>>> print(open('upload.pdb').read())   # PDB, C-alpha atoms, pLDDT in the B column
ATOM      1  CA  MET A   2      45.959 129.181 101.980  1.00 47.00           C
ATOM      2  CA  ARG A   3      43.010 130.453  99.970  1.00 50.00           C
ATOM      3  CA  LYS A   4      45.164 133.143  98.314  1.00 52.00           C
ATOM      4  CA  THR A   5      47.706 130.506  97.212  1.00 49.00           C
ATOM      5  CA  THR A   6      44.939 128.368  95.689  1.00 49.00           C
ATOM      6  CA  PHE A   7      43.583 131.358  93.762  1.00 47.00           C
ATOM      7  CA  ILE A   8      47.033 132.252  92.411  1.00 48.00           C
ATOM      8  CA  SER A   9      47.671 128.615  91.470  1.00 46.00           C
ATOM      9  CA  ALA A  10      44.365 128.508  89.599  1.00 45.00           C
ATOM     10  CA  ILE A  11      45.286 131.643  87.648  1.00 45.00           C
ATOM     11  CA  LEU A  12      48.712 130.251  86.748  1.00 43.00           C
ATOM     12  CA  LEU A  13      47.230 126.941  85.616  1.00 43.00           C
ATOM     13  CA  SER A  14      44.596 128.750  83.538  1.00 41.00           C
ATOM     14  CA  THR A  15      47.269 130.896  81.910  1.00 40.00           C
ATOM     15  CA  PHE A  16      49.371 127.819  81.137  1.00 42.00           C
ATOM     16  CA  ALA A  17      46.350 126.059  79.630  1.00 41.00           C
ATOM     17  CA  LEU A  18      45.706 129.028  77.338  1.00 43.00           C
ATOM     18  CA  THR A  19      49.314 129.238  76.140  1.00 49.00           C
ATOM     19  CA  ALA A  20      50.077 125.521  75.899  1.00 64.00           C
ATOM     20  CA  TRP A  21      50.015 123.747  72.576  1.00 79.00           C
ATOM     21  CA  ASN A  22      46.910 121.614  72.313  1.00 89.00           C
ATOM     22  CA  LYS A  23      47.720 118.068  71.159  1.00 91.00           C
ATOM     23  CA  ALA A  24      44.412 118.093  69.271  1.00 93.00           C
ATOM     24  CA  ASP A  25      46.026 120.615  66.880  1.00 94.00           C
ATOM     25  CA  ASP A  26      48.993 118.342  66.137  1.00 96.00           C
ATOM     26  CA  ILE A  27      49.470 117.036  62.620  1.00 95.00           C
ATOM     27  CA  PRO A  28      51.661 114.131  61.467  1.00 97.00           C
ATOM     28  CA  VAL A  29      55.296 115.178  61.007  1.00 97.00           C
ATOM     29  CA  GLY A  30      55.072 113.930  57.407  1.00 97.00           C
ATOM     30  CA  ASP A  31      52.275 116.459  56.715  1.00 98.00           C
ATOM     31  CA  LEU A  32      54.530 119.452  57.386  1.00 98.00           C
ATOM     32  CA  PRO A  33      54.522 121.471  54.138  1.00 97.00           C
ATOM     33  CA  ALA A  34      57.825 121.397  52.239  1.00 97.00           C
ATOM     34  CA  ASP A  35      58.236 125.191  52.318  1.00 97.00           C
ATOM     35  CA  VAL A  36      57.825 125.287  56.105  1.00 98.00           C
ATOM     36  CA  LYS A  37      60.259 122.386  56.561  1.00 98.00           C
ATOM     37  CA  ALA A  38      62.739 124.229  54.324  1.00 98.00           C
ATOM     38  CA  VAL A  39      62.535 127.294  56.607  1.00 98.00           C
ATOM     39  CA  VAL A  40      63.167 125.089  59.674  1.00 98.00           C
ATOM     40  CA  GLU A  41      66.171 123.526  57.937  1.00 98.00           C
ATOM     41  CA  THR A  42      67.477 126.929  56.826  1.00 98.00           C
ATOM     42  CA  TYR A  43      67.212 128.329  60.360  1.00 97.00           C
ATOM     43  CA  THR A  44      69.039 125.397  61.916  1.00 97.00           C
ATOM     44  CA  LYS A  45      71.734 125.534  59.218  1.00 97.00           C
ATOM     45  CA  ILE A  46      72.215 129.240  59.996  1.00 98.00           C
ATOM     46  CA  LEU A  47      72.638 128.394  63.681  1.00 97.00           C
ATOM     47  CA  LYS A  48      75.093 125.601  62.909  1.00 97.00           C
ATOM     48  CA  ASP A  49      77.212 127.341  60.266  1.00 97.00           C
ATOM     49  CA  SER A  50      77.389 130.986  61.395  1.00 97.00           C
ATOM     50  CA  ALA A  51      80.644 132.174  62.936  1.00 97.00           C
ATOM     51  CA  SER A  52      78.926 134.681  65.236  1.00 97.00           C
ATOM     52  CA  VAL A  53      75.514 135.907  66.359  1.00 97.00           C
ATOM     53  CA  GLU A  54      75.997 138.919  64.050  1.00 96.00           C
ATOM     54  CA  ASP A  55      76.554 136.611  61.064  1.00 97.00           C
ATOM     55  CA  ALA A  56      73.535 134.538  62.104  1.00 97.00           C
ATOM     56  CA  ALA A  57      71.370 137.672  62.358  1.00 97.00           C
ATOM     57  CA  THR A  58      72.372 138.810  58.869  1.00 97.00           C
ATOM     58  CA  ALA A  59      71.476 135.429  57.361  1.00 97.00           C
ATOM     59  CA  PHE A  60      68.360 135.042  59.516  1.00 97.00           C
ATOM     60  CA  ALA A  61      66.784 138.323  58.335  1.00 97.00           C
ATOM     61  CA  ALA A  62      65.685 136.669  55.070  1.00 97.00           C
ATOM     62  CA  ILE A  63      63.502 134.104  56.865  1.00 97.00           C
ATOM     63  CA  ALA A  64      62.416 136.125  59.920  1.00 97.00           C
ATOM     64  CA  GLY A  65      59.027 137.789  60.240  1.00 95.00           C
ATOM     65  CA  GLY A  66      56.563 139.354  62.635  1.00 94.00           C
ATOM     66  CA  THR A  67      57.994 141.036  65.710  1.00 94.00           C
ATOM     67  CA  LEU A  68      61.439 139.534  65.072  1.00 96.00           C
ATOM     68  CA  VAL A  69      62.210 142.138  62.414  1.00 95.00           C
ATOM     69  CA  ASN A  70      62.199 145.919  62.081  1.00 93.00           C
ATOM     70  CA  GLU A  71      60.254 147.837  59.406  1.00 90.00           C
ATOM     71  CA  ASN A  72      63.365 147.791  57.195  1.00 91.00           C
ATOM     72  CA  GLY A  73      63.552 143.984  57.372  1.00 89.00           C
ATOM     73  CA  SER A  74      66.604 143.757  59.619  1.00 93.00           C
ATOM     74  CA  VAL A  75      66.541 141.558  62.704  1.00 95.00           C
ATOM     75  CA  ALA A  76      65.337 143.530  65.746  1.00 95.00           C
ATOM     76  CA  ASN A  77      67.965 144.217  68.416  1.00 95.00           C
ATOM     77  CA  ASN A  78      65.959 142.400  71.118  1.00 94.00           C
ATOM     78  CA  THR A  79      65.708 139.348  68.866  1.00 95.00           C
ATOM     79  CA  LYS A  80      69.446 139.386  68.225  1.00 95.00           C
ATOM     80  CA  GLN A  81      70.468 140.025  71.848  1.00 95.00           C
ATOM     81  CA  PHE A  82      68.153 137.478  73.424  1.00 95.00           C
ATOM     82  CA  GLY A  83      66.282 134.835  71.398  1.00 96.00           C
ATOM     83  CA  LEU A  84      68.682 134.437  68.478  1.00 97.00           C
ATOM     84  CA  LYS A  85      71.717 134.569  70.769  1.00 96.00           C
ATOM     85  CA  LYS A  86      70.214 131.861  73.004  1.00 96.00           C
ATOM     86  CA  ASP A  87      69.474 129.605  70.031  1.00 96.00           C
ATOM     87  CA  PHE A  88      72.919 130.261  68.499  1.00 97.00           C
ATOM     88  CA  ASN A  89      74.719 129.358  71.735  1.00 96.00           C
ATOM     89  CA  ASN A  90      72.617 126.278  72.511  1.00 95.00           C
ATOM     90  CA  PHE A  91      72.120 124.725  69.082  1.00 95.00           C
ATOM     91  CA  LYS A  92      75.154 122.488  69.705  1.00 94.00           C
ATOM     92  CA  HIS A  93      72.837 120.379  71.898  1.00 94.00           C
ATOM     93  CA  TYR A  94      70.446 119.596  69.007  1.00 95.00           C
ATOM     94  CA  ALA A  95      70.553 116.825  66.435  1.00 93.00           C
ATOM     95  CA  TYR A  96      71.880 117.817  63.038  1.00 93.00           C
ATOM     96  CA  PRO A  97      70.593 116.935  60.516  1.00 94.00           C
ATOM     97  CA  ILE A  98      67.454 117.905  62.394  1.00 96.00           C
ATOM     98  CA  GLN A  99      64.947 115.417  63.731  1.00 96.00           C
ATOM     99  CA  ILE A 100      61.429 116.788  63.873  1.00 97.00           C
ATOM    100  CA  THR A 101      59.486 115.116  66.671  1.00 97.00           C
ATOM    101  CA  ARG A 102      56.179 117.002  66.670  1.00 97.00           C
ATOM    102  CA  VAL A 103      54.216 119.532  64.604  1.00 98.00           C
ATOM    103  CA  ASN A 104      51.349 121.658  65.894  1.00 98.00           C
ATOM    104  CA  LYS A 105      49.231 123.599  63.390  1.00 97.00           C
ATOM    105  CA  THR A 106      46.949 126.507  64.254  1.00 97.00           C
ATOM    106  CA  VAL A 107      45.990 129.789  62.582  1.00 96.00           C
ATOM    107  CA  SER A 108      47.475 133.180  63.398  1.00 94.00           C
ATOM    108  CA  ASN A 109      45.472 136.343  62.819  1.00 92.00           C
ATOM    109  CA  GLY A 110      48.712 138.250  62.712  1.00 92.00           C
ATOM    110  CA  GLU A 111      52.072 138.771  64.354  1.00 92.00           C
ATOM    111  CA  GLY A 112      54.165 141.880  63.971  1.00 89.00           C
ATOM    112  CA  TYR A 113      53.354 145.415  62.944  1.00 85.00           C
ATOM    113  CA  GLY A 114      52.879 147.428  59.775  1.00 84.00           C
ATOM    114  CA  SER A 115      54.387 145.981  56.632  1.00 82.00           C
ATOM    115  CA  LYS A 116      56.062 143.193  58.639  1.00 84.00           C
ATOM    116  CA  LYS A 117      52.801 141.833  60.049  1.00 90.00           C
ATOM    117  CA  ILE A 118      52.303 138.228  59.008  1.00 94.00           C
ATOM    118  CA  ALA A 119      49.196 136.044  59.321  1.00 96.00           C
ATOM    119  CA  GLY A 120      48.261 132.556  58.188  1.00 97.00           C
ATOM    120  CA  ALA A 121      48.877 128.923  59.062  1.00 97.00           C
ATOM    121  CA  ARG A 122      51.035 128.769  62.199  1.00 97.00           C
ATOM    122  CA  TYR A 123      53.307 125.744  62.568  1.00 98.00           C
ATOM    123  CA  THR A 124      55.170 125.003  65.781  1.00 97.00           C
ATOM    124  CA  VAL A 125      57.854 122.436  65.003  1.00 97.00           C
ATOM    125  CA  TRP A 126      59.810 120.598  67.714  1.00 97.00           C
ATOM    126  CA  ILE A 127      63.444 119.636  67.097  1.00 96.00           C
ATOM    127  CA  ALA A 128      65.114 116.788  69.015  1.00 96.00           C
ATOM    128  CA  LYS A 129      68.284 117.153  71.044  1.00 95.00           C
ATOM    129  CA  ASN A 130      71.361 115.169  70.018  1.00 95.00           C
ATOM    130  CA  ASP A 131      71.145 113.225  73.288  1.00 94.00           C
ATOM    131  CA  PRO A 132      67.703 112.661  74.866  1.00 91.00           C
ATOM    132  CA  ALA A 133      69.345 112.804  78.307  1.00 92.00           C
ATOM    133  CA  LYS A 134      69.980 116.531  77.665  1.00 90.00           C
ATOM    134  CA  GLY A 135      66.276 117.297  77.717  1.00 91.00           C
ATOM    135  CA  LEU A 136      63.111 117.530  75.676  1.00 93.00           C
ATOM    136  CA  PRO A 137      62.827 118.738  72.081  1.00 95.00           C
ATOM    137  CA  ALA A 138      62.337 122.500  71.653  1.00 94.00           C
ATOM    138  CA  PRO A 139      59.896 124.398  69.418  1.00 96.00           C
ATOM    139  CA  LEU A 140      60.381 126.791  66.524  1.00 96.00           C
ATOM    140  CA  THR A 141      57.319 128.694  65.278  1.00 97.00           C
ATOM    141  CA  ILE A 142      56.734 129.571  61.629  1.00 97.00           C
ATOM    142  CA  ILE A 143      53.812 131.302  59.931  1.00 97.00           C
ATOM    143  CA  ALA A 144      53.025 130.412  56.327  1.00 97.00           C
ATOM    144  CA  PRO A 145      50.738 133.080  54.860  1.00 95.00           C
ATOM    145  CA  SER A 146      48.655 132.262  51.826  1.00 88.00           C
ATOM    146  CA  GLY A 147      50.422 133.738  48.836  1.00 85.00           C
ATOM    147  CA  GLY A 148      53.639 134.557  50.693  1.00 91.00           C
ATOM    148  CA  ALA A 149      56.858 133.060  51.982  1.00 96.00           C
ATOM    149  CA  ALA A 150      56.887 131.194  55.296  1.00 97.00           C
ATOM    150  CA  LYS A 151      58.711 133.100  58.056  1.00 97.00           C
ATOM    151  CA  VAL A 152      60.063 132.271  61.499  1.00 97.00           C
ATOM    152  CA  VAL A 153      58.102 134.269  64.105  1.00 96.00           C
ATOM    153  CA  ASN A 154      59.463 132.967  67.404  1.00 94.00           C
ATOM    154  CA  VAL A 155      62.999 132.076  68.508  1.00 93.00           C
ATOM    155  CA  GLY A 156      64.826 131.521  71.777  1.00 86.00           C
ATOM    156  CA  SER A 157      63.628 128.058  72.754  1.00 84.00           C
ATOM    157  CA  TYR A 158      66.824 126.092  72.034  1.00 76.00           C
TER     158      TYR A 158
END
>>> encode(input="upload.pdb", output="C-alpha cells")
Amino acid sequence: MRKTTFISAILLSTFALTAWNKADDIPVGDLPADVKAVVETYTKILKDSASVEDAATAFAAIAGGTLVNENGSVANNTKQFGLKKDFNNFKHYAYPIQITRVNKTVSNGEGYGSKKIAGARYTVWIAKNDPAKGLPAPLTIIAPSGGAAKVVNVGSY
C-alpha cells in the first residue's frame, strides 16, 4: 500500500509540473495576430492536404524546434506520428477554428542547432466540431523576438 501511495505521489507531481497553469492563461483576444495566423495556417494545412506527405511539405514552412531537421524538412518522427495523428483526426475539429483557451509562458529553447527556437510560448486550444466528441486540444507555438512564429508541438488532435 505504501509503495502505491509513493508512486501515485510521483505521478501527481509529474502531472503538476507538466500541466498548463491557468494563472498563465491570457484572454483569447490577446493572442498576437502572427501567432493566430500560424494556428490558422496549420489547421488549413490539415484540412486541405490530400495526404500526410502533402501536409508535411506545406507544414515545413511553419514548423520549428524538434519538429524539423537541420535542413528545414519535417522530421520523420513528426511526420509518422504527431502530424499523421493530427491529419487523421482534424475532421473532428471546428473549421473555421474556434480558439477556446490560450496559455502564455516563456521557452528558453526547443530544438537543436540552427533550428533551436526560444521566446514567448503560446499553447492554443481548438474546439471540436461537436462538444460531445471531447475536449478542445492544444497546439503549441513559439514566437521568438525578431523571428517568425513556429509550431513546436503537434499530435494532440
>>> closest_residue(input="upload.pdb", among="A:Glu41, A:Asp55, A:Glu111, A:Asp31", to="Val153 in chain A", atoms="all atoms listed in the file")
A:Glu111
>>> closest_residue(input="upload.pdb", among="A:Tyr96, A:Phe82, A:Tyr113, A:Tyr123", to="Thr44 in chain A", atoms="all atoms listed in the file")
A:Tyr96
>>> resolve_selection(input="upload.pdb", expression="the PyMOL selection byres ((chain A and resi 137) around 12)", output="ChimeraX atom specification")
/A:91,93-95,98-103,124-136,138-140,157-158
>>> residues_around(input="upload.pdb", residues="Ala61 in chain A", least_positions_apart="5", cutoff="10 Å", atoms="all atoms listed in the file", output="PyMOL selection string")
chain A and resi 56+68-70+73-76+151-152
>>> residues_near_point(input="upload.pdb", point="(62.6, 129.3, 56.6)", cutoff="12 Å", atoms="only C-alpha atoms", output="JSON, numbers by chain")
{"A": [33, 34, 35, 36, 37, 38, 39, 40, 41, 42, 43, 44, 45, 46, 59, 60, 61, 62, 63, 64, 65, 123, 125, 140, 141, 142, 143, 144, 148, 149, 150, 151, 152, 153, 154]}
>>> atom_distance(input="upload.pdb", atom1="CA of Lys117 in chain A", atom2="CA of Gly66 in chain A")
5.2 Å
>>> residues_around(input="upload.pdb", residues="Thr106 in chain A", least_positions_apart="4", cutoff="10 Å", atoms="all atoms listed in the file", output="JSON, numbers by chain")
{"A": [21, 22, 25, 26, 27, 120, 121, 122, 123, 124, 143]}
>>> resolve_selection(input="upload.pdb", expression="the PyMOL selection byres ((chain A and resi 119) around 6)", output="list in words")
Ser108, Asn109, Gly110, Ile118, Gly120 and Pro145 of chain A
>>> write_last_selection(input="upload.pdb", atoms="C-alpha atoms", output="PDB file, in the coordinates of the input")
ATOM      1  CA  SER A 108      47.475 133.180  63.398  1.00 94.00           C
ATOM      2  CA  ASN A 109      45.472 136.343  62.819  1.00 92.00           C
ATOM      3  CA  GLY A 110      48.712 138.250  62.712  1.00 92.00           C
ATOM      4  CA  ILE A 118      52.303 138.228  59.008  1.00 94.00           C
ATOM      5  CA  GLY A 120      48.261 132.556  58.188  1.00 97.00           C
ATOM      6  CA  PRO A 145      50.738 133.080  54.860  1.00 95.00           C
TER       7      PRO A 145
END
>>> residues_around(input="upload.pdb", residues="Gly83 in chain A", least_positions_apart="2", cutoff="6 Å", atoms="only C-alpha atoms", output="ChimeraX atom specification")
/A:79,85-86,155-156
>>> build_atoms(input="upload.pdb", residues="range 120-141 of chain A", atoms="N, CA and C atoms", output="compact mmCIF listing (two decimals), in the frame of the given file")
# COMPACT_ATOMS: atom_id res chain seq x y z
N GLY A 120 48.50 133.77 58.98
CA GLY A 120 48.26 132.56 58.19
C GLY A 120 48.42 131.31 59.04
N ALA A 121 48.68 130.20 58.37
CA ALA A 121 48.88 128.92 59.06
C ALA A 121 50.12 129.02 59.94
N ARG A 122 49.95 128.68 61.21
CA ARG A 122 51.04 128.77 62.20
C ARG A 122 51.48 127.36 62.56
N TYR A 123 52.74 127.06 62.28
CA TYR A 123 53.31 125.74 62.57
C TYR A 123 54.33 125.88 63.69
N THR A 124 54.17 125.09 64.73
CA THR A 124 55.17 125.00 65.78
C THR A 124 55.81 123.63 65.61
N VAL A 125 57.11 123.64 65.36
CA VAL A 125 57.85 122.44 65.00
C VAL A 125 58.90 122.16 66.08
N TRP A 126 58.86 120.96 66.67
CA TRP A 126 59.81 120.60 67.71
C TRP A 126 60.99 119.85 67.12
N ILE A 127 62.19 120.23 67.55
CA ILE A 127 63.44 119.64 67.10
C ILE A 127 64.07 118.87 68.26
N ALA A 128 64.54 117.65 67.98
CA ALA A 128 65.11 116.79 69.02
C ALA A 128 66.54 117.21 69.37
N LYS A 129 66.90 116.95 70.60
CA LYS A 129 68.28 117.15 71.04
C LYS A 129 69.14 116.01 70.50
N ASN A 130 70.46 116.21 70.51
CA ASN A 130 71.36 115.17 70.02
C ASN A 130 71.51 114.03 71.01
N ASP A 131 71.14 114.25 72.25
CA ASP A 131 71.14 113.22 73.29
C ASP A 131 69.89 113.44 74.13
N PRO A 132 68.95 112.48 74.12
CA PRO A 132 67.70 112.66 74.87
C PRO A 132 67.92 112.93 76.36
N ALA A 133 69.06 112.55 76.90
CA ALA A 133 69.34 112.80 78.31
C ALA A 133 69.54 114.30 78.57
N LYS A 134 69.77 115.09 77.52
CA LYS A 134 69.98 116.53 77.67
C LYS A 134 68.68 117.31 77.76
N GLY A 135 67.55 116.61 77.57
CA GLY A 135 66.28 117.30 77.72
C GLY A 135 65.32 117.04 76.57
N LEU A 136 64.18 117.70 76.65
CA LEU A 136 63.11 117.53 75.68
C LEU A 136 63.38 118.33 74.41
N PRO A 137 62.74 117.94 73.30
CA PRO A 137 62.83 118.74 72.08
C PRO A 137 62.31 120.15 72.33
N ALA A 138 62.76 121.11 71.50
CA ALA A 138 62.34 122.50 71.65
C ALA A 138 61.63 122.99 70.38
N PRO A 139 60.69 123.94 70.56
CA PRO A 139 59.90 124.40 69.42
C PRO A 139 60.48 125.59 68.66
N LEU A 140 60.12 125.66 67.39
CA LEU A 140 60.38 126.79 66.52
C LEU A 140 59.05 127.09 65.84
N THR A 141 58.62 128.34 65.83
CA THR A 141 57.32 128.69 65.28
C THR A 141 57.47 129.45 63.97
